[in-house]
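Student: Coordinates in target_14.txt, compact mmCIF, C-alpha atoms, are listed below.
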```
# COMPACT_ATOMS: atom_id res chain seq x y z
CA MET A 15 101.35 144.46 94.95
CA ILE A 16 102.03 148.07 94.08
CA ARG A 17 105.00 150.05 95.36
CA ARG A 18 105.49 153.78 94.95
CA LEU A 19 108.77 155.49 95.69
CA TRP A 20 109.48 159.13 96.53
CA LEU A 21 113.01 160.48 96.82
CA ASP A 22 113.68 163.83 98.52
CA THR A 23 117.14 165.37 98.42
CA THR A 24 116.06 168.81 99.65
CA ALA A 25 114.72 167.51 102.96
CA ALA A 26 117.80 165.29 103.22
CA GLU A 27 120.04 168.35 102.86
CA TYR A 28 118.10 170.10 105.62
CA ALA A 29 118.36 167.05 107.90
CA ARG A 30 122.07 166.68 107.15
CA GLU A 31 122.94 170.32 107.84
CA THR A 32 120.41 171.46 110.44
CA LEU A 33 119.76 168.24 112.32
CA ALA A 34 123.36 167.00 112.10
CA PHE A 35 122.95 163.78 110.10
CA PRO A 36 126.36 163.61 108.40
CA GLY A 37 126.49 161.73 105.12
CA LEU A 38 122.72 161.84 104.55
CA ARG A 39 121.94 162.39 100.86
CA VAL A 40 118.39 161.25 100.26
CA LEU A 41 115.21 160.52 102.18
CA LEU A 42 112.91 157.86 100.77
CA ARG A 43 109.24 157.17 101.18
CA VAL A 44 107.87 153.83 100.01
CA ASP A 45 104.12 153.30 99.82
CA ARG A 46 103.02 149.70 99.43
CA GLU A 47 99.57 148.46 98.57
CA VAL A 48 98.72 144.77 98.83
CA ARG A 49 95.60 142.71 98.30
CA ASP A 50 95.35 139.46 100.21
CA ARG A 51 93.77 136.31 98.83
CA TYR A 52 90.32 137.51 99.94
CA GLY A 53 90.68 140.81 98.09
CA VAL A 54 91.21 142.88 101.24
CA ARG A 55 93.52 145.78 100.49
CA SER A 56 96.09 147.07 102.95
CA ARG A 57 98.40 150.04 102.63
CA GLU A 58 101.53 150.99 104.49
CA THR A 59 104.12 153.72 104.25
CA ARG A 60 107.73 153.35 105.31
CA TYR A 61 110.48 155.94 105.45
CA PHE A 62 114.20 155.46 104.92
CA ALA A 63 117.33 157.59 105.02
CA SER A 64 120.32 156.89 102.81
CA SER A 65 123.83 158.13 102.14
CA LEU A 66 123.60 156.96 98.52
CA ASP A 67 123.58 159.55 95.74
CA ALA A 68 120.08 159.68 94.23
CA GLY A 69 121.51 161.11 91.01
CA ARG A 70 123.67 158.05 90.41
CA ILE A 71 121.29 155.26 91.42
CA ALA A 72 118.13 154.25 89.57
CA PRO A 73 114.85 154.33 91.52
CA SER A 74 114.42 150.62 90.83
CA ARG A 75 117.70 150.02 92.65
CA PHE A 76 116.44 151.95 95.69
CA LEU A 77 113.34 149.74 95.72
CA GLN A 78 115.55 146.64 95.53
CA LEU A 79 117.61 147.89 98.48
CA VAL A 80 114.41 148.44 100.49
CA ARG A 81 113.27 144.89 99.70
CA ASP A 82 116.71 143.56 100.66
CA HIS A 83 116.49 145.46 103.96
CA TRP A 84 113.22 143.75 104.83
CA LEU A 85 114.61 140.38 103.79
CA VAL A 86 117.28 140.76 106.49
CA GLU A 87 114.76 142.18 108.94
CA ASN A 88 112.34 139.30 108.47
CA SER A 89 114.88 136.49 108.38
CA LEU A 90 117.20 137.60 111.19
CA HIS A 91 115.84 140.29 113.48
CA TYR A 92 112.24 139.06 113.52
CA VAL A 93 113.37 135.60 114.61
CA LYS A 94 115.68 137.00 117.29
CA ASP A 95 112.96 139.24 118.70
CA ARG A 96 109.89 137.00 118.41
CA TRP A 97 111.43 133.73 119.47
CA TRP A 98 114.27 134.82 121.70
CA ASP A 99 112.72 138.06 122.97
CA GLU A 100 115.90 140.00 122.25
CA ASP A 101 114.33 143.46 122.52
CA ARG A 102 113.41 142.94 126.18
CA HIS A 103 116.96 142.13 127.24
CA SER A 104 118.82 145.01 128.81
CA CYS A 105 122.48 145.14 129.71
CA ARG A 106 124.04 147.88 131.80
CA ARG A 107 127.63 146.71 131.67
CA PRO A 108 129.64 148.26 128.81
CA GLY A 109 130.14 145.83 125.95
CA LEU A 110 127.75 143.22 127.31
CA ALA A 111 124.89 144.07 124.94
CA ARG A 112 127.16 143.76 121.91
CA ALA A 113 128.52 140.42 123.14
CA PHE A 114 124.99 139.14 123.80
CA THR A 115 123.80 140.17 120.34
CA THR A 116 126.86 138.60 118.74
CA MET A 117 126.19 135.32 120.54
CA MET A 118 122.51 135.35 119.50
CA THR A 119 123.48 135.96 115.86
CA ALA A 120 126.10 133.21 116.00
CA ALA A 121 123.58 130.80 117.53
CA GLN A 122 121.08 131.58 114.80
CA SER A 123 123.76 131.10 112.12
CA VAL A 124 124.71 127.69 113.59
CA LEU A 125 121.05 126.66 113.70
CA ARG A 126 120.58 127.63 110.06
CA ALA A 127 123.80 125.99 108.91
CA THR A 128 123.04 122.70 110.65
CA SER A 129 119.33 122.49 109.94
CA PRO A 130 118.32 119.17 108.33
CA GLU A 131 116.13 121.16 105.92
CA GLY A 132 119.07 123.37 104.89
CA PRO A 133 119.73 127.06 105.58
CA GLU A 134 116.20 128.05 104.55
CA GLY A 135 114.63 125.59 106.97
CA PRO A 136 112.86 126.65 110.16
CA VAL A 137 115.11 127.72 113.02
CA LYS A 138 112.78 127.45 116.00
CA PRO A 139 112.17 123.67 115.90
CA ARG A 140 115.93 123.13 115.68
CA ALA A 141 116.51 125.49 118.65
CA ASP A 142 113.79 123.76 120.67
CA GLU A 143 115.25 120.33 119.86
CA LEU A 144 118.70 121.40 121.09
CA ALA A 145 117.24 123.09 124.18
CA TRP A 146 115.60 119.81 125.19
CA ASN A 147 118.78 117.86 124.49
CA PRO A 148 121.79 119.85 125.76
CA ARG A 149 124.20 117.00 124.97
CA SER A 150 123.29 117.31 121.30
CA ALA A 151 123.88 121.06 121.50
CA VAL A 152 127.32 120.60 123.08
CA ARG A 153 128.18 117.92 120.51
CA LEU A 154 127.08 120.21 117.69
CA ILE A 155 129.21 123.11 118.94
CA THR A 156 132.18 120.80 119.58
CA ASP A 157 131.94 119.32 116.08
CA LEU A 158 131.81 122.80 114.54
CA CYS A 159 134.84 124.04 116.48
CA TRP A 160 137.11 121.07 115.99
```
Could you write out this structure as structure tokens?
Tutor:
Amino acid sequence: MIRRLWLDTTAAEYARETLAFPGLRVLLRVDREVRDRYGVRSRETRYFASSLDAGRIAPSRFLQLVRDHWLVENSLHYVKDRWWDEDRHSCRRPGLARAFTTMMTAAQSVLRATSPEGPEGPVKPRADELAWNPRSAVRLITDLCW
């Protein structure tokens, strides 16, 4: 895998001042090239905005932060969207969307914490097991709360 990083403070200054993005200090572009096990090459480009000072942080640290971002994205948000279809839920009442998201995140945290395979174990089989056995789910929540 090859990653290339570009940092642009001039465009960030323009975006901060002209487009009203307060706190913006640097725009990042990360190009990634990967070869799969069959030798097929794929390329992708991703863009990021940051309030961090590019003069005080090493480029390798920016790349680490980008990798950490995708770690969260893949382990939390992907699961919530793919398995629980979170992106299709809409709430019109004020505060309801935040409460719903908080409950989904809490449910996922409970599933990870109580997984027989440990926190890195698969979440979906555990969720399916509890969905088919509501008494186990209630017992699990009761045991965690008391």
Student: What is the CA of Ile71 in chain A-CA of Leu21 in chain A distance in Å, reported with one decimal?
Tutor: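 Rounded to one decimal, the two atoms are 11.2 Å apart.
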Student: Just to confirm, what's the straight-line distance from CA of Arg30 in chain A to CA of Gln78 in chain A in Å (one decimal)?
Tutor: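 Answer for the CA of Arg30 in chain A to CA of Gln78 in chain A separation: 24.1 Å.
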Student: To one decimal in Å, tell me the separation between CA of Ile16 in chain A and CA of Val48 in chain A.
Tutor: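 That distance, rounded to one decimal, is 6.7 Å.
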Student: Can you tell me, as lines of an AutoDock Vina configuration file, the centre and edge lengths (Å, one decimal) of the axis-aligned box enclosing all of range 45-58 of chain A's listed atoms after padding each side by 4 Å?
Tutor:
```
center_x = 97.2
center_y = 144.8
center_z = 101.3
size_x = 21.8
size_y = 25.0
size_z = 14.4
```
Student: Tell me, as a list in words, which residues lie within 12 Å of Asp142 in chain A, counting only C-alpha atoms; anything in the same chain fewer than 4 positions away does not count.
Tutor: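 The residues that qualify are Trp97, Trp98, Leu125, Pro136, Val137, Lys138, Trp146, Asn147, Pro148, Ser150 and Ala151 of chain A.
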Student: Keeping C-alpha atoms, export the residues of the selection given above as a PDB file, in the frame of the given file.
Tutor:
```
ATOM      1  CA  TRP A  97     111.430 133.730 119.470  1.00  0.00           C
ATOM      2  CA  TRP A  98     114.270 134.820 121.700  1.00  0.00           C
ATOM      3  CA  LEU A 125     121.050 126.660 113.700  1.00  0.00           C
ATOM      4  CA  PRO A 136     112.860 126.650 110.160  1.00  0.00           C
ATOM      5  CA  VAL A 137     115.110 127.720 113.020  1.00  0.00           C
ATOM      6  CA  LYS A 138     112.780 127.450 116.000  1.00  0.00           C
ATOM      7  CA  TRP A 146     115.600 119.810 125.190  1.00  0.00           C
ATOM      8  CA  ASN A 147     118.780 117.860 124.490  1.00  0.00           C
ATOM      9  CA  PRO A 148     121.790 119.850 125.760  1.00  0.00           C
ATOM     10  CA  SER A 150     123.290 117.310 121.300  1.00  0.00           C
ATOM     11  CA  ALA A 151     123.880 121.060 121.500  1.00  0.00           C
TER      12      ALA A 151
END
```
Student: Using all atoms listed in the file for the distances, tell me which of A:Gly109, A:Gly37, A:Gly132, A:Pro139 is nearest to Leu66 in chain A.
Tutor: A:Gly37
Student: Would you mind listing what lies within 12 Å of Ala120 in chain A as an mmCIF file with C-alpha atoms, keeping the file's coordinate frame, with all atoms listed in the file counted and same-chain residues fewer than 6 positions away left out?
Tutor:
```
data_model
loop_
_atom_site.group_PDB
_atom_site.id
_atom_site.type_symbol
_atom_site.label_atom_id
_atom_site.label_comp_id
_atom_site.auth_asym_id
_atom_site.auth_seq_id
_atom_site.Cartn_x
_atom_site.Cartn_y
_atom_site.Cartn_z
ATOM 1 C CA LEU A 90 117.200 137.600 111.190
ATOM 2 C CA LYS A 94 115.680 137.000 117.290
ATOM 3 C CA ALA A 113 128.520 140.420 123.140
ATOM 4 C CA PHE A 114 124.990 139.140 123.800
ATOM 5 C CA ARG A 126 120.580 127.630 110.060
ATOM 6 C CA ALA A 127 123.800 125.990 108.910
ATOM 7 C CA ILE A 155 129.210 123.110 118.940
ATOM 8 C CA LEU A 158 131.810 122.800 114.540
#
```
Student: Between A:Val124, A:Leu33, A:Gly135, A:Asp95, which is the closest to Leu154 in chain A once you count all atoms listed in the file?
Tutor: A:Val124
Student: Measuring between only C-alpha atoms, which one of A:Asp101, A:Pro108, A:Ala141, A:Asp67 shows the shortest distance to Ser123 in chain A?
Tutor: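 Using only C-alpha atoms, the shortest distance to Ser123 in chain A belongs to A:Ala141.
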Student: Missing atoms in range 28-56 of chain A: can you complete it with N, CA and C atoms, as an mmCIF file, in the frame of the given file?
Tutor:
```cif
data_model
loop_
_atom_site.group_PDB
_atom_site.id
_atom_site.type_symbol
_atom_site.label_atom_id
_atom_site.label_comp_id
_atom_site.auth_asym_id
_atom_site.auth_seq_id
_atom_site.Cartn_x
_atom_site.Cartn_y
_atom_site.Cartn_z
ATOM 1 N N TYR A 28 118.485 169.427 104.379
ATOM 2 C CA TYR A 28 118.100 170.100 105.620
ATOM 3 C C TYR A 28 118.444 169.224 106.837
ATOM 4 N N ALA A 29 118.094 167.954 106.778
ATOM 5 C CA ALA A 29 118.360 167.050 107.900
ATOM 6 C C ALA A 29 119.865 166.890 108.124
ATOM 7 N N ARG A 30 120.619 166.832 107.030
ATOM 8 C CA ARG A 30 122.070 166.680 107.150
ATOM 9 C C ARG A 30 122.696 167.904 107.811
ATOM 10 N N GLU A 31 122.315 169.097 107.361
ATOM 11 C CA GLU A 31 122.940 170.320 107.840
ATOM 12 C C GLU A 31 122.368 170.795 109.179
ATOM 13 N N THR A 32 121.056 170.878 109.268
ATOM 14 C CA THR A 32 120.410 171.460 110.440
ATOM 15 C C THR A 32 120.282 170.481 111.593
ATOM 16 N N LEU A 33 119.981 169.235 111.281
ATOM 17 C CA LEU A 33 119.760 168.240 112.320
ATOM 18 C C LEU A 33 120.991 167.361 112.580
ATOM 19 N N ALA A 34 122.077 167.680 111.903
ATOM 20 C CA ALA A 34 123.360 167.000 112.100
ATOM 21 C C ALA A 34 123.303 165.495 111.809
ATOM 22 N N PHE A 35 122.886 165.163 110.592
ATOM 23 C CA PHE A 35 122.950 163.780 110.100
ATOM 24 C C PHE A 35 124.022 163.727 109.016
ATOM 25 N N PRO A 36 125.288 163.587 109.401
ATOM 26 C CA PRO A 36 126.360 163.610 108.400
ATOM 27 C C PRO A 36 126.230 162.454 107.411
ATOM 28 N N GLY A 37 126.511 162.755 106.161
ATOM 29 C CA GLY A 37 126.490 161.730 105.120
ATOM 30 C C GLY A 37 125.121 161.487 104.501
ATOM 31 N N LEU A 38 124.069 162.049 105.076
ATOM 32 C CA LEU A 38 122.720 161.840 104.550
ATOM 33 C C LEU A 38 122.580 162.543 103.200
ATOM 34 N N ARG A 39 122.101 161.810 102.200
ATOM 35 C CA ARG A 39 121.940 162.390 100.860
ATOM 36 C C ARG A 39 120.513 162.360 100.351
ATOM 37 N N VAL A 40 119.751 161.362 100.789
ATOM 38 C CA VAL A 40 118.390 161.250 100.260
ATOM 39 C C VAL A 40 117.475 160.624 101.310
ATOM 40 N N LEU A 41 116.257 161.119 101.361
ATOM 41 C CA LEU A 41 115.210 160.520 102.180
ATOM 42 C C LEU A 41 114.251 159.818 101.230
ATOM 43 N N LEU A 42 113.803 158.652 101.618
ATOM 44 C CA LEU A 42 112.910 157.860 100.770
ATOM 45 C C LEU A 42 111.595 157.621 101.480
ATOM 46 N N ARG A 43 110.554 157.589 100.696
ATOM 47 C CA ARG A 43 109.240 157.170 101.180
ATOM 48 C C ARG A 43 108.762 156.080 100.238
ATOM 49 N N VAL A 44 108.370 154.956 100.811
ATOM 50 C CA VAL A 44 107.870 153.830 100.010
ATOM 51 C C VAL A 44 106.455 153.528 100.475
ATOM 52 N N ASP A 45 105.503 153.679 99.562
ATOM 53 C CA ASP A 45 104.120 153.300 99.820
ATOM 54 C C ASP A 45 103.894 151.939 99.184
ATOM 55 N N ARG A 46 103.274 151.055 99.930
ATOM 56 C CA ARG A 46 103.020 149.700 99.430
ATOM 57 C C ARG A 46 101.552 149.378 99.602
ATOM 58 N N GLU A 47 100.973 148.862 98.552
ATOM 59 C CA GLU A 47 99.570 148.460 98.570
ATOM 60 C C GLU A 47 99.490 146.985 98.189
ATOM 61 N N VAL A 48 98.804 146.221 99.030
ATOM 62 C CA VAL A 48 98.720 144.770 98.830
ATOM 63 C C VAL A 48 97.275 144.326 98.962
ATOM 64 N N ARG A 49 96.893 143.375 98.152
ATOM 65 C CA ARG A 49 95.600 142.710 98.300
ATOM 66 C C ARG A 49 95.851 141.270 98.720
ATOM 67 N N ASP A 50 95.171 140.842 99.783
ATOM 68 C CA ASP A 50 95.350 139.460 100.210
ATOM 69 C C ASP A 50 94.487 138.542 99.352
ATOM 70 N N ARG A 51 94.487 137.275 99.666
ATOM 71 C CA ARG A 51 93.770 136.310 98.830
ATOM 72 C C ARG A 51 92.257 136.482 98.874
ATOM 73 N N TYR A 52 91.757 137.253 99.859
ATOM 74 C CA TYR A 52 90.320 137.510 99.940
ATOM 75 C C TYR A 52 89.949 138.846 99.304
ATOM 76 N N GLY A 53 90.930 139.528 98.737
ATOM 77 C CA GLY A 53 90.680 140.810 98.090
ATOM 78 C C GLY A 53 90.742 142.004 99.030
ATOM 79 N N VAL A 54 91.104 141.781 100.277
ATOM 80 C CA VAL A 54 91.210 142.880 101.240
ATOM 81 C C VAL A 54 92.504 143.635 100.975
ATOM 82 N N ARG A 55 92.375 144.937 100.830
ATOM 83 C CA ARG A 55 93.520 145.780 100.490
ATOM 84 C C ARG A 55 94.103 146.400 101.758
ATOM 85 N N SER A 56 95.419 146.386 101.841
ATOM 86 C CA SER A 56 96.090 147.070 102.950
ATOM 87 C C SER A 56 97.171 147.975 102.372
#
```
